[in-house]
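**Q** Dropping the structure in here first, questions after.
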Amino acid sequence: MIAEKMKPLVQNNSAIRAMFEEGRRLAGIYGAENVYDFSLGNPNVPAPKAIKTAIMDILNEEESTFVHGYMSNAGYEDVRAAIADELNERFQTAFHPENLIMTVGAASGLNIVLKTLLNPGDEVITFAPYFLEYNSYVRNYDGILTAIAPNTDTFQPDLKAFAQAIGEKTKAVIINSPNNPTGVVYSRETISHLGEILREKSREVGHAIVLISDEPYRELAYDGVFVPFVTKYYENTIICYSYSKSLSLPGERIGYVLIPDEVEDSKEVIQAAVIANRVSGSVNAPSLIQRVIRRCVHERANIEAYEKNRNLLYSSLVKFGFSCIKPEGAFYLFVKSPMADEKAFCELCKKHHVLVVPGSSFACAGYVRISYCVSYEQIERSLPAFEKIAGECGL
């Protein structure tokens with residue numbers, strides 16, 4: 001009955017979501033306080049208070065037929081103008097409302113961009129480890145995803161291998177920084193060199209190669225780490241942004257696609273992306289939360305809470321003998337499995353009611369992802385379990 005394209009997706013249902021559901025099952029047996037679920041990137045930090053205030057004010061002050069009605073498929077112009085102004089202020093850019101399309105989160109934005117760009121058989125390159133849904137997004141439009149193997153010393157992209165992989169069918173490249181699952185921020189040098197390679201290779205293959213920057217974690221960086229704003233390093237860059245993490249609004253599904261004027265044939269690309277937004281079934285991003293974003297465009301979630309969590313969990317795991325690069329952003333630790341089979345290690349963790357996700361779910365076997373966007377108290381409660389796990393692994 002189901003489509004052939006869906007069969008592998010059903011068979012390989014997300015390990016992240018499966019672990020999340022397992023956590024709910026275990027919590028029902030042992031009590032939520034005795035289960036340490038680090039599987040899902042679901043922010044524990046509350047949304048800024050200004051979000052609730054904005055919702056209440058909008059419902060009281062603005063005409064309901066306007067707030068809950070249709071608008072341009074690209075989104076409210078004043079919302080896009082507010083975002084453009086905020087970006088221009090922060091990054092010394094010159095964006096206009098027309099450069100922005102409001103989307104149902106970054107995932108919807110990625111699909112809109114890929115639908116706009118890809119012909120059947122076109123290649124999209126990304127860097128492992130990566131959010132595995134990229135595979136599905138590219139296949140949605142009959143494209144082919146190629147992953148560059150990771151440099152596990154730094155988890156910065158292997159740009160030599162990248163340059164060698166680009167061919168005539170390469171249409172786009174997806175990057176994600178701060179990165180899920182490693183927490184690594186791609187450096188200024190990395191992004192600058194990446195842009196140089198793309199310019200050279202675009203000339204060689206005879207068409208522009210688009211750099212798609214997936215940025216749900218842009219605002220989550222620690223210790224003063226610099227997060228390059230990618231449009232300043234390569235002209236054919238399109239940004240897919242989400243407020244899920246920066247404002248702790250994952251369930252509201254709100255974000256945007258940014259297509260600068262510098263993108264080749266930008267007016268045609270923008271027009272096609274607006275149509276892709278409509279025909280994908282979204283029609284437009286949710287109206288109420290768009291109005292909220294206009295009022296809260298300068299707000300940020302409390303990243304100090306995430307930094308506190310990171311410091312406790314990272315220092316504790318290292319003390320117990322685990323190996324991990326200290327994350328510079330996002331809210332994940334990517335820990336080397338002390339067992340050859342990281343899935344077996346995940347099962348051992350589960351016996352201690354600790355839920356982590358295997359690195360093979362991010363095309364990087366031999367590691368596990370630990371999401372620390374949980375309460376500080378959960379991390380504290382989990383530490384004895386992690387210490388026992390380390391002991392059983394001989395660390």
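Ordering of the structure tokens sets the chain letters (A, B, ...), residue numbers begin anew at 1 in every chain, and ligands are numbered from 1 in the order given.
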Skip range 204-218 of chain A itself and residues of its chain fewer than 2 positions away, then list as a compact mmCIF listing (two decimals) with N, CA, C and O atoms, in the first residue's frame all residues within 9 Å of it, counting only C-alpha atoms.
**A**
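New file part-v2.txt:
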# COMPACT_ATOMS: atom_id res chain seq x y z
N GLY A 105 9.89 26.46 10.48
CA GLY A 105 11.16 25.98 11.02
C GLY A 105 12.23 25.84 9.95
O GLY A 105 12.00 26.04 8.75
N ALA A 106 13.45 25.47 10.40
CA ALA A 106 14.57 25.32 9.48
C ALA A 106 14.40 24.09 8.60
O ALA A 106 14.85 24.08 7.44
N ALA A 107 13.76 23.04 9.11
CA ALA A 107 13.57 21.83 8.32
C ALA A 107 12.72 22.11 7.10
O ALA A 107 13.05 21.70 5.97
N GLY A 109 12.42 25.03 5.80
CA GLY A 109 13.26 25.89 4.97
C GLY A 109 14.21 25.11 4.09
O GLY A 109 14.38 25.42 2.90
N LEU A 110 14.84 24.08 4.65
CA LEU A 110 15.76 23.25 3.87
C LEU A 110 15.02 22.57 2.71
O LEU A 110 15.52 22.52 1.58
N VAL A 113 14.29 25.11 -0.04
CA VAL A 113 15.49 25.44 -0.83
C VAL A 113 15.85 24.28 -1.76
O VAL A 113 16.16 24.49 -2.95
N LEU A 117 16.06 24.18 -5.90
CA LEU A 117 17.34 24.04 -6.60
C LEU A 117 17.53 22.74 -7.37
O LEU A 117 18.18 22.73 -8.42
N ILE A 166 33.80 17.26 -5.32
CA ILE A 166 32.91 18.09 -6.13
C ILE A 166 33.01 17.72 -7.60
O ILE A 166 34.10 17.54 -8.14
N GLY A 167 31.85 17.55 -8.24
CA GLY A 167 31.82 17.23 -9.66
C GLY A 167 30.74 18.02 -10.38
O GLY A 167 30.12 18.92 -9.82
N GLU A 168 30.51 17.67 -11.65
CA GLU A 168 29.56 18.42 -12.48
C GLU A 168 28.14 18.35 -11.94
O GLU A 168 27.34 19.26 -12.17
N LYS A 169 27.78 17.27 -11.24
CA LYS A 169 26.42 17.12 -10.73
C LYS A 169 26.24 17.77 -9.36
O LYS A 169 25.13 17.77 -8.82
N THR A 170 27.32 18.30 -8.79
CA THR A 170 27.21 18.94 -7.47
C THR A 170 26.44 20.25 -7.61
O THR A 170 26.88 21.18 -8.29
N LYS A 171 25.30 20.33 -6.95
CA LYS A 171 24.45 21.52 -7.06
C LYS A 171 24.48 22.35 -5.78
O LYS A 171 24.32 23.57 -5.83
N ALA A 172 24.67 21.68 -4.63
CA ALA A 172 24.60 22.41 -3.35
C ALA A 172 25.44 21.69 -2.31
O ALA A 172 25.78 20.51 -2.45
N VAL A 173 25.74 22.45 -1.26
CA VAL A 173 26.46 21.93 -0.09
C VAL A 173 25.70 22.37 1.15
O VAL A 173 25.27 23.54 1.23
N ILE A 174 25.50 21.47 2.10
CA ILE A 174 24.85 21.82 3.36
C ILE A 174 25.87 21.79 4.48
O ILE A 174 26.59 20.80 4.65
N ILE A 175 25.93 22.89 5.23
CA ILE A 175 26.75 22.92 6.45
C ILE A 175 25.85 23.25 7.64
O ILE A 175 24.78 23.83 7.48
N ASN A 176 26.33 22.88 8.82
CA ASN A 176 25.57 23.09 10.05
C ASN A 176 26.55 23.45 11.16
O ASN A 176 27.29 22.60 11.64
N SER A 177 26.55 24.74 11.52
CA SER A 177 27.47 25.23 12.54
C SER A 177 26.82 26.37 13.31
O SER A 177 26.25 27.27 12.67
N PRO A 178 26.86 26.30 14.68
CA PRO A 178 27.32 25.22 15.54
C PRO A 178 26.65 23.90 15.19
O PRO A 178 25.48 23.87 14.83
N ASN A 179 27.42 22.84 15.33
CA ASN A 179 27.06 21.58 14.72
C ASN A 179 26.30 20.64 15.65
O ASN A 179 26.60 20.52 16.83
N ASN A 180 25.29 20.03 15.07
CA ASN A 180 24.61 18.89 15.67
C ASN A 180 25.10 17.66 14.91
O ASN A 180 24.88 17.58 13.69
N GLY A 195 34.51 28.80 1.08
CA GLY A 195 34.05 29.73 0.06
C GLY A 195 34.99 29.79 -1.13
O GLY A 195 34.56 29.82 -2.30
N LEU A 198 34.53 26.71 -3.27
CA LEU A 198 33.27 26.74 -4.02
C LEU A 198 33.34 27.69 -5.21
O LEU A 198 32.78 27.42 -6.28
N ARG A 199 34.02 28.82 -5.06
CA ARG A 199 34.18 29.74 -6.19
C ARG A 199 34.97 29.07 -7.32
O ARG A 199 34.57 29.13 -8.49
N GLU A 200 36.08 28.44 -6.93
CA GLU A 200 36.93 27.79 -7.93
C GLU A 200 36.19 26.65 -8.62
O GLU A 200 36.21 26.53 -9.86
N LYS A 201 35.50 25.83 -7.84
CA LYS A 201 34.82 24.67 -8.41
C LYS A 201 33.60 25.08 -9.22
O LYS A 201 33.26 24.43 -10.21
N SER A 202 32.93 26.17 -8.83
CA SER A 202 31.81 26.67 -9.63
C SER A 202 32.28 27.06 -11.03
O SER A 202 31.59 26.79 -12.03
N LEU A 220 23.68 29.87 19.96
CA LEU A 220 24.15 29.09 21.10
C LEU A 220 25.64 28.82 20.96
O LEU A 220 26.07 27.78 20.43
N ALA A 221 26.45 29.78 21.37
CA ALA A 221 27.90 29.63 21.35
C ALA A 221 28.45 30.12 22.69
O ALA A 221 27.92 31.07 23.27
N VAL A 227 31.12 32.89 15.71
CA VAL A 227 30.36 32.10 14.73
C VAL A 227 30.28 32.90 13.45
O VAL A 227 29.57 33.92 13.38
N PHE A 229 29.23 34.58 10.06
CA PHE A 229 27.97 34.75 9.34
C PHE A 229 28.28 34.46 7.88
O PHE A 229 28.98 35.21 7.20
N VAL A 230 27.76 33.35 7.38
CA VAL A 230 28.31 32.70 6.19
C VAL A 230 28.14 33.52 4.93
O VAL A 230 28.97 33.44 4.01
N THR A 231 27.10 34.34 4.82
CA THR A 231 26.90 35.12 3.58
C THR A 231 28.05 36.08 3.32
O THR A 231 28.24 36.51 2.18
N TYR A 234 30.85 33.79 1.23
CA TYR A 234 30.57 33.18 -0.08
C TYR A 234 29.26 33.72 -0.60
O TYR A 234 28.24 33.69 0.10
N GLU A 235 29.29 34.25 -1.82
CA GLU A 235 28.15 35.01 -2.33
C GLU A 235 26.92 34.13 -2.60
O GLU A 235 25.79 34.58 -2.41
N ASN A 236 27.12 32.90 -3.03
CA ASN A 236 25.99 32.02 -3.33
C ASN A 236 25.59 31.20 -2.10
O ASN A 236 25.55 29.97 -2.14
N THR A 237 25.30 31.92 -1.02
CA THR A 237 24.90 31.30 0.24
C THR A 237 23.44 31.56 0.52
O THR A 237 22.96 32.69 0.37
N ILE A 238 22.73 30.52 0.94
CA ILE A 238 21.34 30.63 1.40
C ILE A 238 21.30 30.11 2.84
O ILE A 238 21.86 29.05 3.14
N ILE A 239 20.66 30.87 3.71
CA ILE A 239 20.59 30.50 5.13
C ILE A 239 19.20 29.98 5.48
O ILE A 239 18.19 30.56 5.08
N CYS A 240 19.17 28.88 6.22
CA CYS A 240 17.93 28.33 6.78
C CYS A 240 18.04 28.43 8.30
O CYS A 240 18.90 27.78 8.92
N TYR A 241 17.18 29.25 8.88
CA TYR A 241 17.27 29.56 10.30
C TYR A 241 16.00 29.11 11.03
O TYR A 241 14.92 29.05 10.44
N SER A 242 16.16 28.81 12.30
CA SER A 242 15.02 28.43 13.14
C SER A 242 15.12 29.14 14.48
O SER A 242 16.22 29.34 15.01
N TYR A 243 13.97 29.51 15.03
CA TYR A 243 13.91 30.07 16.38
C TYR A 243 13.68 28.99 17.45
O TYR A 243 13.52 29.30 18.62
N SER A 244 13.70 27.72 17.03
CA SER A 244 13.42 26.61 17.96
C SER A 244 14.35 26.62 19.15
O SER A 244 13.93 26.37 20.28
N LYS A 245 15.64 26.87 18.91
CA LYS A 245 16.63 26.80 19.98
C LYS A 245 16.91 28.19 20.58
O LYS A 245 17.01 28.33 21.79
N SER A 246 17.01 29.21 19.72
CA SER A 246 17.38 30.54 20.21
C SER A 246 16.30 31.14 21.08
O SER A 246 16.59 31.97 21.95
N GLY A 255 10.68 29.79 11.50
CA GLY A 255 12.03 30.12 11.06
C GLY A 255 11.97 30.91 9.78
O GLY A 255 10.92 31.47 9.43
N VAL A 263 23.15 36.14 -4.39
CA VAL A 263 22.95 34.81 -4.97
C VAL A 263 22.66 34.96 -6.47
O VAL A 263 21.90 35.84 -6.88
N GLU A 264 23.28 34.11 -7.26
CA GLU A 264 23.07 34.17 -8.70
C GLU A 264 21.58 34.01 -9.04
O GLU A 264 20.91 33.12 -8.50
N GLY A 329 29.46 25.17 20.98
CA GLY A 329 28.12 25.69 20.75
C GLY A 329 27.10 24.57 20.75
O GLY A 329 27.42 23.42 21.07
N ALA A 330 25.86 24.92 20.39
CA ALA A 330 24.72 23.99 20.42
C ALA A 330 24.56 23.46 21.85
O ALA A 330 24.97 24.10 22.81
N PHE A 331 23.96 22.26 22.01
CA PHE A 331 23.86 21.69 23.36
C PHE A 331 24.00 20.18 23.33
O PHE A 331 23.18 19.44 23.86
**Q** When you count only C-alpha atoms, which of these residues is closest to Leu348 in chain A: A:Phe386, A:Phe334, A:Tyr141, A:Tyr376?
**A**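 Looking only at the distances to Leu348 in chain A, the closest residue turns out to be A:Phe386.
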**Q** Could you build a table of the residues in range 244-360 of chain A lying no more than 12 Å from range 70-77 of chain A, giving for each the nearest pair of atoms and their separation in Å rounded to one decimal place, using only C-alpha atoms, ordered by chain and ascending residue number, as JSON lines?
**A**
{"residue": "A:Ile254", "atom": "CA", "partner": "A:Gly75", "partner_atom": "CA", "distance": 11.0}
{"residue": "A:Gly255", "atom": "CA", "partner": "A:Gly75", "partner_atom": "CA", "distance": 10.6}
{"residue": "A:Tyr256", "atom": "CA", "partner": "A:Ala74", "partner_atom": "CA", "distance": 9.2}
{"residue": "A:Val257", "atom": "CA", "partner": "A:Ala74", "partner_atom": "CA", "distance": 9.4}
{"residue": "A:Leu258", "atom": "CA", "partner": "A:Ala74", "partner_atom": "CA", "distance": 10.9}
{"residue": "A:Ile259", "atom": "CA", "partner": "A:Ala74", "partner_atom": "CA", "distance": 11.9}
{"residue": "A:Ile270", "atom": "CA", "partner": "A:Ala74", "partner_atom": "CA", "distance": 9.3}
{"residue": "A:Gln271", "atom": "CA", "partner": "A:Ala74", "partner_atom": "CA", "distance": 9.3}
{"residue": "A:Ala272", "atom": "CA", "partner": "A:Ala74", "partner_atom": "CA", "distance": 10.9}
{"residue": "A:Ala273", "atom": "CA", "partner": "A:Ala74", "partner_atom": "CA", "distance": 8.7}
{"residue": "A:Val274", "atom": "CA", "partner": "A:Ala74", "partner_atom": "CA", "distance": 5.7}
{"residue": "A:Ile275", "atom": "CA", "partner": "A:Asn73", "partner_atom": "CA", "distance": 7.6}
{"residue": "A:Ala276", "atom": "CA", "partner": "A:Asn73", "partner_atom": "CA", "distance": 9.6}
{"residue": "A:Asn277", "atom": "CA", "partner": "A:Asn73", "partner_atom": "CA", "distance": 7.0}
{"residue": "A:Arg278", "atom": "CA", "partner": "A:Asn73", "partner_atom": "CA", "distance": 6.3}
{"residue": "A:Val279", "atom": "CA", "partner": "A:Asn73", "partner_atom": "CA", "distance": 10.0}
{"residue": "A:Ser280", "atom": "CA", "partner": "A:Asn73", "partner_atom": "CA", "distance": 11.3}
{"residue": "A:Gly281", "atom": "CA", "partner": "A:Asn73", "partner_atom": "CA", "distance": 11.0}
{"residue": "A:Ser282", "atom": "CA", "partner": "A:Asn73", "partner_atom": "CA", "distance": 9.0}
{"residue": "A:Val283", "atom": "CA", "partner": "A:Asn73", "partner_atom": "CA", "distance": 6.0}
{"residue": "A:Asn284", "atom": "CA", "partner": "A:Asn73", "partner_atom": "CA", "distance": 4.9}
{"residue": "A:Ala285", "atom": "CA", "partner": "A:Gly75", "partner_atom": "CA", "distance": 6.6}
{"residue": "A:Pro286", "atom": "CA", "partner": "A:Gly75", "partner_atom": "CA", "distance": 8.9}
{"residue": "A:Ser287", "atom": "CA", "partner": "A:Tyr70", "partner_atom": "CA", "distance": 7.6}
{"residue": "A:Leu288", "atom": "CA", "partner": "A:Tyr76", "partner_atom": "CA", "distance": 10.5}
{"residue": "A:Ile289", "atom": "CA", "partner": "A:Tyr76", "partner_atom": "CA", "distance": 11.0}
{"residue": "A:Gln290", "atom": "CA", "partner": "A:Tyr76", "partner_atom": "CA", "distance": 7.4}
{"residue": "A:Arg291", "atom": "CA", "partner": "A:Tyr76", "partner_atom": "CA", "distance": 8.1}
{"residue": "A:Val292", "atom": "CA", "partner": "A:Tyr76", "partner_atom": "CA", "distance": 11.4}
{"residue": "A:Ile293", "atom": "CA", "partner": "A:Tyr76", "partner_atom": "CA", "distance": 10.7}
{"residue": "A:Arg294", "atom": "CA", "partner": "A:Tyr76", "partner_atom": "CA", "distance": 9.3}
**Q** Could you go through range 155-302 of chain A and tell me which residues DSSP, when run on the backbone, assigns to strand (DSSP E), listing them as number ranges by chain?
**A** A: 170-176, 210-215, 237-242, 255-258
**Q** Can you tell me how far CA of Thr190 in chain A sits from CA of Asn135 in chain A, in Å to one decimal?
**A**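 Answer for the CA of Thr190 in chain A to CA of Asn135 in chain A separation: 23.6 Å.
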**Q** Where in range 133-371 of chain A does DSSP assign alpha helix (DSSP H), given as a ChimeraX atom specification?
**A** /A:133-139,159-165,188-205,266-279,287-295,303-320,342-351
**Q** In Å, with one decimal, what is the gap from CA of Tyr222 in chain A to CA of Cys324 in chain A?
**A**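 Separation of CA of Tyr222 in chain A and CA of Cys324 in chain A: 16.5 Å.
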**Q** Expressed in Å to a single decimal, how great is the separation between CA of Phe362 in chain A and CA of Tyr36 in chain A?
**A**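 CA of Tyr36 in chain A lies 21.1 Å from CA of Phe362 in chain A.
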**Q** Taking only C-alpha atoms into account, which of A:His353, A:Lys319, A:Lys49, A:Arg310 comes nearest Ser371 in chain A?
**A**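 Using only C-alpha atoms, Ser371 in chain A sits closest to A:Arg310.
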**Q** Determine the nearest neighbour of Val79 in chain A from the options A:Gly183, A:Ser64, A:Pro150, A:Cys296, counting only C-alpha atoms.
**A**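 Once distances to Val79 in chain A are computed over only C-alpha atoms, the minimum belongs to A:Cys296.
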